[in-house]
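Chemist: Input start_17.pdb, format and content: PDB, C-alpha atoms.
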```pdb
ATOM      1  CA  MET A 263     273.482 162.485 168.960
ATOM      2  CA  LYS A 264     270.952 160.808 166.675
ATOM      3  CA  THR A 265     271.494 157.509 168.514
ATOM      4  CA  ILE A 266     270.912 159.177 171.897
ATOM      5  CA  LYS A 267     267.641 160.727 170.655
ATOM      6  CA  PHE A 268     266.600 157.392 169.204
ATOM      7  CA  ILE A 269     267.289 155.514 172.448
ATOM      8  CA  THR A 270     265.522 158.290 174.411
ATOM      9  CA  ALA A 271     262.443 157.886 172.191
ATOM     10  CA  ILE A 272     262.315 154.175 172.889
ATOM     11  CA  ILE A 273     262.875 154.647 176.635
ATOM     12  CA  ILE A 274     260.090 157.276 176.785
ATOM     13  CA  LEU A 275     257.742 154.965 174.921
ATOM     14  CA  VAL A 276     258.437 152.074 177.251
ATOM     15  CA  ILE A 277     258.358 154.095 180.486
ATOM     16  CA  MET A 278     255.400 156.355 179.714
ATOM     17  CA  THR A 279     253.164 153.672 178.297
ATOM     18  CA  PRO A 280     254.017 150.212 179.509
ATOM     19  CA  THR A 281     251.524 148.809 177.022
ATOM     20  CA  ILE A 282     253.373 150.401 174.106
ATOM     21  CA  SER A 283     256.720 148.812 173.529
ATOM     22  CA  PHE A 284     259.089 148.217 170.705
ATOM     23  CA  SER A 285     259.860 144.559 170.357
ATOM     24  CA  GLN A 286     263.111 145.350 168.566
ATOM     25  CA  GLU A 287     265.902 147.214 170.261
ATOM     26  CA  ASN A 288     267.059 149.003 167.158
ATOM     27  CA  PRO A 289     264.364 148.700 164.510
ATOM     28  CA  THR A 290     265.189 149.607 160.952
ATOM     29  CA  LEU A 291     262.041 150.455 159.073
ATOM     30  CA  SER A 292     261.328 150.691 155.374
ATOM     31  CA  ASP A 293     258.934 153.379 154.132
ATOM     32  CA  SER A 294     256.173 150.731 153.859
ATOM     33  CA  GLU A 295     256.742 149.858 157.515
ATOM     34  CA  VAL A 296     256.895 153.502 158.611
ATOM     35  CA  ALA A 297     253.542 154.063 156.847
ATOM     36  CA  SER A 298     252.088 151.047 158.626
ATOM     37  CA  VAL A 299     253.268 152.244 162.069
ATOM     38  CA  ALA A 300     251.837 155.721 161.369
ATOM     39  CA  VAL A 301     248.429 154.359 160.351
ATOM     40  CA  VAL A 302     248.276 151.884 163.274
ATOM     41  CA  ALA A 303     249.237 154.592 165.805
ATOM     42  CA  ASN A 304     246.365 156.777 164.541
ATOM     43  CA  GLN A 305     243.888 153.889 164.493
ATOM     44  CA  ILE A 306     244.764 153.019 168.090
ATOM     45  CA  ASP A 307     243.897 156.496 169.341
ATOM     46  CA  ILE A 308     240.626 156.417 167.387
ATOM     47  CA  SER A 309     239.754 153.103 169.060
ATOM     48  CA  TYR A 310     240.433 154.596 172.521
ATOM     49  CA  ALA A 311     238.203 157.571 171.640
ATOM     50  CA  GLU A 312     235.394 155.267 170.512
ATOM     51  CA  ILE A 313     235.431 153.570 173.913
ATOM     52  CA  ALA A 314     235.328 157.024 175.564
ATOM     53  CA  LEU A 315     232.257 158.018 173.539
ATOM     54  CA  LYS A 316     230.478 154.913 174.835
ATOM     55  CA  LYS A 317     231.570 155.132 178.466
ATOM     56  CA  SER A 318     231.956 158.778 179.430
ATOM     57  CA  LYS A 319     229.340 161.391 180.280
ATOM     58  CA  ASN A 320     231.879 164.161 180.805
ATOM     59  CA  LYS A 321     231.607 166.920 178.165
ATOM     60  CA  GLU A 322     235.355 167.659 178.177
ATOM     61  CA  ILE A 323     236.164 163.990 177.627
ATOM     62  CA  LEU A 324     233.508 163.611 174.938
ATOM     63  CA  ASP A 325     234.696 166.730 173.076
ATOM     64  CA  PHE A 326     238.297 165.557 173.266
ATOM     65  CA  ALA A 327     237.401 162.048 172.061
ATOM     66  CA  LYS A 328     235.400 163.443 169.111
ATOM     67  CA  ARG A 329     238.374 165.641 168.205
ATOM     68  CA  MET A 330     240.712 162.629 168.275
ATOM     69  CA  ILE A 331     238.429 160.709 165.918
ATOM     70  CA  THR A 332     238.210 163.607 163.433
ATOM     71  CA  ASP A 333     241.898 164.541 163.496
ATOM     72  CA  HIS A 334     243.386 161.050 163.457
ATOM     73  CA  ASN A 335     241.039 160.074 160.626
ATOM     74  CA  ALA A 336     242.299 163.137 158.721
ATOM     75  CA  VAL A 337     245.885 161.924 159.185
ATOM     76  CA  ILE A 338     244.984 158.400 158.052
ATOM     77  CA  GLU A 339     243.248 159.862 154.991
ATOM     78  CA  GLN A 340     246.375 161.868 154.121
ATOM     79  CA  ALA A 341     248.607 158.835 154.683
ATOM     80  CA  VAL A 342     246.433 156.619 152.477
ATOM     81  CA  THR A 343     246.403 159.263 149.719
ATOM     82  CA  LEU A 344     250.185 159.545 149.922
ATOM     83  CA  VAL A 345     250.978 155.817 149.932
ATOM     84  CA  THR A 346     248.563 155.332 147.023
ATOM     85  CA  LYS A 347     250.376 158.074 145.113
ATOM     86  CA  LEU A 348     253.759 156.571 145.961
ATOM     87  CA  SER A 349     252.548 153.014 145.227
ATOM     88  CA  VAL A 350     253.669 151.980 148.698
ATOM     89  CA  THR A 351     251.706 149.297 150.562
ATOM     90  CA  PRO A 352     251.825 149.717 154.363
ATOM     91  CA  GLU A 353     253.608 146.636 155.671
ATOM     92  CA  ASP A 354     252.901 145.081 159.042
ATOM     93  CA  ASN A 355     256.047 144.862 161.140
ATOM     94  CA  ALA A 356     257.345 144.222 164.648
ATOM     95  CA  VAL A 357     256.758 147.841 165.744
ATOM     96  CA  SER A 358     253.177 148.077 164.478
ATOM     97  CA  GLN A 359     252.419 144.616 165.922
ATOM     98  CA  SER A 360     253.852 145.639 169.279
ATOM     99  CA  LEU A 361     251.743 148.825 169.233
ATOM    100  CA  SER A 362     248.589 146.838 168.438
ATOM    101  CA  GLU A 363     249.268 144.282 171.190
ATOM    102  CA  GLY A 364     249.826 147.052 173.730
ATOM    103  CA  ALA A 365     246.656 148.793 172.592
ATOM    104  CA  GLU A 366     244.599 145.639 173.096
ATOM    105  CA  LYS A 367     245.677 145.526 176.753
ATOM    106  CA  THR A 368     244.863 149.207 177.222
ATOM    107  CA  LYS A 369     241.450 148.811 175.582
ATOM    108  CA  LYS A 370     240.658 145.902 177.934
ATOM    109  CA  THR A 371     241.558 148.082 180.922
ATOM    110  CA  LEU A 372     239.453 150.975 179.606
ATOM    111  CA  ARG A 373     236.451 148.737 178.930
ATOM    112  CA  LYS A 374     236.677 147.140 182.397
ATOM    113  CA  ALA A 375     236.910 150.492 184.206
ATOM    114  CA  THR A 376     233.855 151.703 186.091
ATOM    115  CA  ARG A 377     232.238 154.898 184.796
ATOM    116  CA  LYS A 378     233.604 156.691 187.847
ATOM    117  CA  GLU A 379     237.227 155.779 187.185
ATOM    118  CA  PHE A 380     237.040 155.798 183.380
ATOM    119  CA  ASP A 381     237.517 159.525 182.653
ATOM    120  CA  LYS A 382     240.771 159.785 184.589
ATOM    121  CA  LEU A 383     242.065 156.513 183.187
ATOM    122  CA  TYR A 384     241.250 157.580 179.630
ATOM    123  CA  ILE A 385     242.777 161.050 179.803
ATOM    124  CA  ASP A 386     245.887 159.831 181.678
ATOM    125  CA  ASN A 387     246.396 157.299 178.917
ATOM    126  CA  GLU A 388     245.884 159.990 176.244
ATOM    127  CA  VAL A 389     248.580 162.167 177.819
ATOM    128  CA  ALA A 390     251.008 159.236 178.014
ATOM    129  CA  TYR A 391     250.103 157.931 174.559
ATOM    130  CA  HIS A 392     250.584 161.306 172.853
ATOM    131  CA  LYS A 393     253.933 161.799 174.611
ATOM    132  CA  ALA A 394     255.029 158.377 173.420
ATOM    133  CA  VAL A 395     253.807 158.881 169.848
ATOM    134  CA  ILE A 396     255.404 162.347 169.595
ATOM    135  CA  ALA A 397     258.747 160.841 170.656
ATOM    136  CA  ALA A 398     258.347 157.953 168.214
ATOM    137  CA  VAL A 399     257.388 160.184 165.262
ATOM    138  CA  ARG A 400     260.162 162.694 165.972
ATOM    139  CA  ASP A 401     262.986 160.305 166.835
ATOM    140  CA  LEU A 402     262.092 157.130 164.972
ATOM    141  CA  LEU A 403     259.604 157.486 162.120
ATOM    142  CA  ILE A 404     260.895 160.768 160.644
ATOM    143  CA  PRO A 405     264.567 159.685 160.703
ATOM    144  CA  GLU A 406     263.612 156.278 159.276
ATOM    145  CA  SER A 407     261.630 157.742 156.334
ATOM    146  CA  ASP A 408     263.508 157.800 153.043
ATOM    147  CA  ASN A 409     260.796 159.373 150.928
ATOM    148  CA  GLY A 410     260.650 163.162 151.261
ATOM    149  CA  GLU A 411     256.840 163.350 151.029
ATOM    150  CA  LEU A 412     256.379 160.697 153.715
ATOM    151  CA  LYS A 413     258.850 162.539 155.931
ATOM    152  CA  GLY A 414     256.972 165.795 155.176
ATOM    153  CA  LEU A 415     253.633 164.297 156.197
ATOM    154  CA  LEU A 416     255.071 163.043 159.483
ATOM    155  CA  GLU A 417     256.626 166.450 160.151
ATOM    156  CA  ALA A 418     253.251 168.099 159.445
ATOM    157  CA  VAL A 419     251.517 165.760 161.900
ATOM    158  CA  LEU A 420     253.847 166.590 164.817
ATOM    159  CA  PRO A 421     252.270 170.005 165.657
ATOM    160  CA  ALA A 422     248.848 168.330 165.752
ATOM    161  CA  LEU A 423     250.078 165.664 168.156
ATOM    162  CA  GLU A 424     251.586 168.389 170.341
ATOM    163  CA  ALA A 425     248.294 170.317 170.282
ATOM    164  CA  HIS A 426     246.426 167.124 171.240
ATOM    165  CA  LEU A 427     248.855 166.604 174.123
ATOM    166  CA  GLY A 428     248.291 170.174 175.319
ATOM    167  CA  HIS A 429     244.512 169.683 175.087
ATOM    168  CA  ALA A 430     244.707 166.344 176.955
ATOM    169  CA  GLU A 431     246.797 167.928 179.721
ATOM    170  CA  MET A 432     244.207 170.715 180.094
ATOM    171  CA  VAL A 433     241.407 168.158 180.472
ATOM    172  CA  GLN A 434     243.589 166.151 182.887
ATOM    173  CA  MET A 435     244.063 169.259 185.069
ATOM    174  CA  LYS A 436     240.317 169.940 185.123
ATOM    175  CA  LEU A 437     239.597 166.386 186.269
ATOM    176  CA  LYS A 438     241.961 166.640 189.248
TER
ATOM    177  CA  MET B  71     231.606 233.166 132.519
ATOM    178  CA  ILE B  72     229.626 231.834 135.484
ATOM    179  CA  LYS B  73     228.946 228.487 133.818
ATOM    180  CA  PRO B  74     232.619 227.416 133.449
ATOM    181  CA  LEU B  75     233.319 228.534 137.000
ATOM    182  CA  ARG B  76     230.427 226.463 138.276
ATOM    183  CA  THR B  77     231.645 223.461 136.270
ATOM    184  CA  ILE B  78     235.135 223.827 137.710
ATOM    185  CA  PHE B  79     233.692 224.156 141.219
ATOM    186  CA  LEU B  80     231.509 221.059 140.783
ATOM    187  CA  LEU B  81     234.477 219.134 139.403
ATOM    188  CA  PHE B  82     236.549 220.226 142.403
ATOM    189  CA  ILE B  83     233.845 219.070 144.820
ATOM    190  CA  PHE B  84     233.528 215.761 142.973
ATOM    191  CA  CYS B  85     237.297 215.167 143.042
ATOM    192  CA  VAL B  86     237.600 215.993 146.729
ATOM    193  CA  GLY B  87     234.599 213.828 147.612
ATOM    194  CA  PHE B  88     235.768 210.930 145.468
ATOM    195  CA  GLY B  89     239.311 211.246 146.825
ATOM    196  CA  GLN B  90     238.070 211.169 150.389
ATOM    197  CA  SER B  91     235.912 208.178 149.634
ATOM    198  CA  VAL B  92     238.840 206.290 148.059
ATOM    199  CA  LEU B  93     241.108 207.351 150.918
ATOM    200  CA  GLY B  94     238.484 206.180 153.392
ATOM    201  CA  GLN B  95     238.351 202.799 151.718
ATOM    202  CA  LYS B  96     242.128 202.537 151.690
ATOM    203  CA  LEU B  97     242.275 203.206 155.421
ATOM    204  CA  LYS B  98     240.080 200.159 156.023
ATOM    205  CA  ALA B  99     242.778 197.587 155.445
ATOM    206  CA  LYS B 100     242.404 193.861 154.988
ATOM    207  CA  HIS B 101     244.704 191.555 156.985
ATOM    208  CA  ARG B 102     245.311 187.887 156.526
ATOM    209  CA  ILE B 103     245.928 185.267 159.205
ATOM    210  CA  GLU B 104     246.886 181.775 158.112
ATOM    211  CA  ILE B 105     245.976 178.754 160.205
ATOM    212  CA  LYS B 106     248.794 176.275 159.705
ATOM    213  CA  ASN B 107     250.694 173.707 161.749
ATOM    214  CA  MET B 108     248.073 174.150 164.485
ATOM    215  CA  LYS B 109     248.876 177.843 164.909
ATOM    216  CA  PHE B 110     247.380 181.204 163.958
ATOM    217  CA  VAL B 111     250.075 182.954 161.911
ATOM    218  CA  PRO B 112     250.640 185.660 162.982
ATOM    219  CA  SER B 113     249.260 184.878 166.422
ATOM    220  CA  GLY B 114     249.193 188.558 167.365
ATOM    221  CA  LEU B 115     247.999 191.270 164.978
ATOM    222  CA  THR B 116     247.579 195.016 165.399
ATOM    223  CA  VAL B 117     244.859 196.581 163.237
ATOM    224  CA  GLN B 118     242.924 199.852 162.913
ATOM    225  CA  LYS B 119     239.287 199.966 164.043
ATOM    226  CA  GLY B 120     237.116 198.839 161.129
ATOM    227  CA  ASP B 121     239.823 196.810 159.401
ATOM    228  CA  THR B 122     238.910 193.397 158.065
ATOM    229  CA  VAL B 123     240.773 190.263 159.141
ATOM    230  CA  VAL B 124     240.581 187.154 156.995
ATOM    231  CA  TRP B 125     241.504 183.765 158.428
ATOM    232  CA  ILE B 126     242.307 180.934 156.039
ATOM    233  CA  ASN B 127     242.729 177.307 157.099
ATOM    234  CA  ARG B 128     245.861 175.789 155.544
ATOM    235  CA  ASP B 129     245.850 172.716 157.826
ATOM    236  CA  ILE B 130     244.513 169.265 157.003
ATOM    237  CA  PHE B 131     242.455 169.509 160.201
ATOM    238  CA  PRO B 132     239.245 171.511 160.657
ATOM    239  CA  HIS B 133     239.538 174.642 162.782
ATOM    240  CA  ASP B 134     237.398 177.558 163.869
ATOM    241  CA  VAL B 135     237.945 181.121 165.096
ATOM    242  CA  THR B 136     236.116 181.869 168.344
ATOM    243  CA  GLU B 137     236.218 184.819 170.740
ATOM    244  CA  LEU B 138     238.038 183.530 173.840
ATOM    245  CA  LYS B 139     236.399 185.143 176.854
ATOM    246  CA  ASN B 140     232.659 184.669 176.255
ATOM    247  CA  LYS B 141     232.509 182.937 172.870
ATOM    248  CA  ALA B 142     230.831 186.191 171.756
ATOM    249  CA  TRP B 143     231.443 185.347 168.103
ATOM    250  CA  SER B 144     232.650 182.360 166.185
ATOM    251  CA  SER B 145     233.209 181.274 162.647
ATOM    252  CA  SER B 146     231.658 177.996 161.654
ATOM    253  CA  THR B 147     234.049 175.056 161.305
ATOM    254  CA  LEU B 148     236.586 175.883 158.600
ATOM    255  CA  GLN B 149     237.695 172.931 156.545
ATOM    256  CA  GLN B 150     241.035 172.908 154.716
ATOM    257  CA  GLY B 151     241.299 175.809 152.248
ATOM    258  CA  ILE B 152     238.227 177.650 153.574
ATOM    259  CA  SER B 153     238.466 181.256 154.757
ATOM    260  CA  TRP B 154     236.357 183.470 157.025
ATOM    261  CA  TYR B 155     236.480 187.197 157.670
ATOM    262  CA  LYS B 156     235.409 189.636 160.341
ATOM    263  CA  VAL B 157     235.468 193.432 160.667
ATOM    264  CA  ILE B 158     237.386 194.209 163.844
ATOM    265  CA  THR B 159     236.102 196.967 166.109
ATOM    266  CA  LYS B 160     237.888 196.228 169.393
ATOM    267  CA  SER B 161     240.849 194.372 170.833
ATOM    268  CA  GLU B 162     239.998 190.747 171.471
ATOM    269  CA  ASP B 163     241.580 187.389 172.206
ATOM    270  CA  TYR B 164     240.391 184.408 170.232
ATOM    271  CA  TYR B 165     241.084 180.672 169.992
ATOM    272  CA  CYS B 166     240.173 177.534 168.098
ATOM    273  CA  SER B 167     237.398 175.876 170.093
ATOM    274  CA  LEU B 168     238.250 172.559 168.440
ATOM    275  CA  HIS B 169     241.935 172.712 169.434
ATOM    276  CA  VAL B 170     241.835 174.735 172.617
ATOM    277  CA  VAL B 171     245.584 175.313 172.841
ATOM    278  CA  MET B 172     245.530 177.398 169.630
ATOM    279  CA  LYS B 173     245.201 181.067 170.577
ATOM    280  CA  GLY B 174     245.458 184.449 168.880
ATOM    281  CA  LYS B 175     245.212 188.125 169.762
ATOM    282  CA  LEU B 176     243.814 191.128 167.886
ATOM    283  CA  ILE B 177     244.881 194.562 169.054
ATOM    284  CA  VAL B 178     243.028 197.658 167.823
ATOM    285  CA  ASN B 179     245.200 200.752 167.733
TER
END
```
Write the structure described by the file as structure tokens, please.
Modeler:
Amino acid sequence: MKTIKFITAIIILVIMTPTISFSQENPTLSDSEVASVAVVANQIDISYAEIALKKSKNKEILDFAKRMITDHNAVIEQAVTLVTKLSVTPEDNAVSQSLSEGAEKTKKTLRKATRKEFDKLYIDNEVAYHKAVIAAVRDLLIPESDNGELKGLLEAVLPALEAHLGHAEMVQMKLK
Amino acid sequence: MIKPLRTIFLLFIFCVGFGQSVLGQKLKAKHRIEIKNMKFVPSGLTVQKGDTVVWINRDIFPHDVTELKNKAWSSSTLQQGISWYKVITKSEDYYCSLHVVMKGKLIVN
């Protein structure tokens, strides 16, 4: 059952966001690597939001982007506090590298987009990205975490990611 | 003879008045709603007119409490651990304007 969920998470990540992919078929992550993936995933969404703040004039998009910057920074802050307490150093790994590479491609696309097409492109990507990250946190990062506090932090972040997804879908509907 | 009677009468009036005042205060209850895991808990709450509702933010994210229909009232942004209260006089729906999917309902009996 766990294996099915795990494979589903990877399939969702690859299908929903072609630019986000796991370079390993069955990655085994240490807590240092889980922490790194968590921080990178949050930083990526902040970087998308920063592009939105520069390119969009739409109030809904701007409000959403500001929210992403505040909330994902709050998660990073919590993660840094926790890894400092646990004396764990986030360790770059194949998953975090793959996420970063995918994000670079997406950022290029977002930067190249005309102002007219940007809002839809940005919010469509936010919907897909949050779906992918929710699946990854739930079916990969939480099961891979050995430390109870790290697992607890990831579990606490899930409702926020789901709320962000709901918010993104509302904005997406309004733009249609 | 009249003096003790008057004292007893005044004492009686005082006790009744004080009792009513205490009873009145007790009827105005205080309710607590926690904001945690991106939800208002409880999301629906039935209160008496004039009751006080206190919201406290237990999340790591900032939230607010805003009337849903017309944004008629709103708390300021509540950081983690900060609370805000309001005396409730009518049934109203509210939400977090920062995380628009978070909604709550107050029902006045």
Chemist: For chain B, which residue out of A:Ile385, A:Leu403, A:Ala300, A:Ala327 is the nearest one, using only C-alpha atoms?
Modeler: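 For chain B, the nearest of the candidates is A:Ala327.
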Chemist: Using 9 Å as the limit and counting only C-alpha atoms, can you tabulate each residue of chain B that touches chain A, with its shortest atom-to-atom distance in Å and the two atoms involved, as a tab-separated table?
Modeler:
```
residue	atom	partner	partner_atom	distance
B:Asn107	CA	A:Pro421	CA	5.6
B:Met108	CA	A:Ala422	CA	6.0
B:Lys109	CA	A:Pro421	CA	8.6
B:Asp129	CA	A:Ala418	CA	8.9
B:Ile130	CA	A:Ala336	CA	6.7
B:Phe131	CA	A:Asp333	CA	6.0
B:Pro132	CA	A:Asp333	CA	8.0
B:Leu168	CA	A:Arg329	CA	6.9
B:His169	CA	A:Ala425	CA	6.8
B:Val170	CA	A:His429	CA	6.2
B:Val171	CA	A:His429	CA	6.2
B:Met172	CA	A:Ala425	CA	7.6
```
Chemist: Excluding B:Leu148 and residues on its chain fewer than 5 positions from it, collect all residues at most 7 Å away from it, counting all atoms listed in the file, and give them as an mmCIF file with C-alpha atoms, keeping the file's coordinate frame.
Modeler:
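Okay, this is what ended up in out33.cif:
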```cif
data_model
loop_
_atom_site.group_PDB
_atom_site.id
_atom_site.type_symbol
_atom_site.label_atom_id
_atom_site.label_comp_id
_atom_site.auth_asym_id
_atom_site.auth_seq_id
_atom_site.Cartn_x
_atom_site.Cartn_y
_atom_site.Cartn_z
ATOM 1 C CA ASN B 127 242.729 177.307 157.099
ATOM 2 C CA PRO B 132 239.245 171.511 160.657
ATOM 3 C CA HIS B 133 239.538 174.642 162.782
ATOM 4 C CA ASP B 134 237.398 177.558 163.869
ATOM 5 C CA SER B 153 238.466 181.256 154.757
#
```
Chemist: Evaluate the PyMOL selection byres ((chain A and resi 344) around 12) on the structure here and hand back the selected residues as JSON, numbers by chain.
Modeler: {"A": [293, 294, 297, 301, 337, 338, 339, 340, 341, 342, 343, 345, 346, 347, 348, 349, 350, 351, 352, 409, 410, 411, 412, 413, 414, 415, 416]}
Chemist: Rounded to one decimal, what separation in Å do you get between atom CA of A:Asp401 and atom CA of A:Ala356?
Modeler: 17.2 Å
Chemist: Residues picked by the PyMOL selection byres ((chain B and resi 157-160) around 8) here, as a PyMOL selection string?
Modeler: chain B and resi 117-123+155-156+161-162+176-178
Chemist: Convert the output of the PyMOL selection byres ((chain A and resi 360-375) around 12) on the shown file into explicit residues, formatted as a ChimeraX atom specification.
Modeler: /A:275-276,279-286,289,298-318,354-359,376-388,390-391,394-395,398
Chemist: Could you write those residues out with C-alpha atoms, as a PDB file, in the coordinates of the input?
Modeler:
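Everything below was put into result_3.pdb:
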```pdb
ATOM      1  CA  LEU A 275     257.742 154.965 174.921  1.00  0.00           C
ATOM      2  CA  VAL A 276     258.437 152.074 177.251  1.00  0.00           C
ATOM      3  CA  THR A 279     253.164 153.672 178.297  1.00  0.00           C
ATOM      4  CA  PRO A 280     254.017 150.212 179.509  1.00  0.00           C
ATOM      5  CA  THR A 281     251.524 148.809 177.022  1.00  0.00           C
ATOM      6  CA  ILE A 282     253.373 150.401 174.106  1.00  0.00           C
ATOM      7  CA  SER A 283     256.720 148.812 173.529  1.00  0.00           C
ATOM      8  CA  PHE A 284     259.089 148.217 170.705  1.00  0.00           C
ATOM      9  CA  SER A 285     259.860 144.559 170.357  1.00  0.00           C
ATOM     10  CA  GLN A 286     263.111 145.350 168.566  1.00  0.00           C
ATOM     11  CA  PRO A 289     264.364 148.700 164.510  1.00  0.00           C
ATOM     12  CA  SER A 298     252.088 151.047 158.626  1.00  0.00           C
ATOM     13  CA  VAL A 299     253.268 152.244 162.069  1.00  0.00           C
ATOM     14  CA  ALA A 300     251.837 155.721 161.369  1.00  0.00           C
ATOM     15  CA  VAL A 301     248.429 154.359 160.351  1.00  0.00           C
ATOM     16  CA  VAL A 302     248.276 151.884 163.274  1.00  0.00           C
ATOM     17  CA  ALA A 303     249.237 154.592 165.805  1.00  0.00           C
ATOM     18  CA  ASN A 304     246.365 156.777 164.541  1.00  0.00           C
ATOM     19  CA  GLN A 305     243.888 153.889 164.493  1.00  0.00           C
ATOM     20  CA  ILE A 306     244.764 153.019 168.090  1.00  0.00           C
ATOM     21  CA  ASP A 307     243.897 156.496 169.341  1.00  0.00           C
ATOM     22  CA  ILE A 308     240.626 156.417 167.387  1.00  0.00           C
ATOM     23  CA  SER A 309     239.754 153.103 169.060  1.00  0.00           C
ATOM     24  CA  TYR A 310     240.433 154.596 172.521  1.00  0.00           C
ATOM     25  CA  ALA A 311     238.203 157.571 171.640  1.00  0.00           C
ATOM     26  CA  GLU A 312     235.394 155.267 170.512  1.00  0.00           C
ATOM     27  CA  ILE A 313     235.431 153.570 173.913  1.00  0.00           C
ATOM     28  CA  ALA A 314     235.328 157.024 175.564  1.00  0.00           C
ATOM     29  CA  LEU A 315     232.257 158.018 173.539  1.00  0.00           C
ATOM     30  CA  LYS A 316     230.478 154.913 174.835  1.00  0.00           C
ATOM     31  CA  LYS A 317     231.570 155.132 178.466  1.00  0.00           C
ATOM     32  CA  SER A 318     231.956 158.778 179.430  1.00  0.00           C
ATOM     33  CA  ASP A 354     252.901 145.081 159.042  1.00  0.00           C
ATOM     34  CA  ASN A 355     256.047 144.862 161.140  1.00  0.00           C
ATOM     35  CA  ALA A 356     257.345 144.222 164.648  1.00  0.00           C
ATOM     36  CA  VAL A 357     256.758 147.841 165.744  1.00  0.00           C
ATOM     37  CA  SER A 358     253.177 148.077 164.478  1.00  0.00           C
ATOM     38  CA  GLN A 359     252.419 144.616 165.922  1.00  0.00           C
ATOM     39  CA  THR A 376     233.855 151.703 186.091  1.00  0.00           C
ATOM     40  CA  ARG A 377     232.238 154.898 184.796  1.00  0.00           C
ATOM     41  CA  LYS A 378     233.604 156.691 187.847  1.00  0.00           C
ATOM     42  CA  GLU A 379     237.227 155.779 187.185  1.00  0.00           C
ATOM     43  CA  PHE A 380     237.040 155.798 183.380  1.00  0.00           C
ATOM     44  CA  ASP A 381     237.517 159.525 182.653  1.00  0.00           C
ATOM     45  CA  LYS A 382     240.771 159.785 184.589  1.00  0.00           C
ATOM     46  CA  LEU A 383     242.065 156.513 183.187  1.00  0.00           C
ATOM     47  CA  TYR A 384     241.250 157.580 179.630  1.00  0.00           C
ATOM     48  CA  ILE A 385     242.777 161.050 179.803  1.00  0.00           C
ATOM     49  CA  ASP A 386     245.887 159.831 181.678  1.00  0.00           C
ATOM     50  CA  ASN A 387     246.396 157.299 178.917  1.00  0.00           C
ATOM     51  CA  GLU A 388     245.884 159.990 176.244  1.00  0.00           C
ATOM     52  CA  ALA A 390     251.008 159.236 178.014  1.00  0.00           C
ATOM     53  CA  TYR A 391     250.103 157.931 174.559  1.00  0.00           C
ATOM     54  CA  ALA A 394     255.029 158.377 173.420  1.00  0.00           C
ATOM     55  CA  VAL A 395     253.807 158.881 169.848  1.00  0.00           C
ATOM     56  CA  ALA A 398     258.347 157.953 168.214  1.00  0.00           C
TER      57      ALA A 398
END
```
Chemist: If I take atom CA of A:Glu353 and atom CA of A:Glu406, how far is one from the other in Å, to one decimal?
Modeler: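 Interatomic distance, atom CA of A:Glu353 to atom CA of A:Glu406: 14.4 Å.
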Chemist: Work out how far apart atom CA of B:Asn140 and atom CA of A:Val433 are and give it in Å to one decimal.
Modeler: 19.2 Å
Chemist: Might I get the box with edges along x, y and z of the file that holds all atoms of stretch 296-303 of chain A listed there, padded by 5 Å on every side, given as centre and edge lengths in Å to one decimal, as AutoDock Vina command-line options?
Modeler:
```
--center_x 252.6 --center_y 153.4 --center_z 161.3 --size_x 18.6 --size_y 14.7 --size_z 19.0
```
Chemist: Which one is closest to A:Met330: A:Val296, A:His392, A:Ala397, A:Ile404? Count all atoms listed in the file.
Modeler: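 Checking each candidate against A:Met330, we get A:His392 as the closest.
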Chemist: Could you name the residues that touch B:Ser145 at 7 Å or less, counting only C-alpha atoms, but leaving out those on the same chain fewer than 5 positions away, as a VMD selection string?
Modeler: chain B and resid 134 to 136 154
Chemist: Restricting the calculation to all atoms listed in the file, which member of B:Asp163, B:Thr116, B:Glu104, B:Ile152 is positioned closest to B:Lys139?
Modeler: B:Asp163
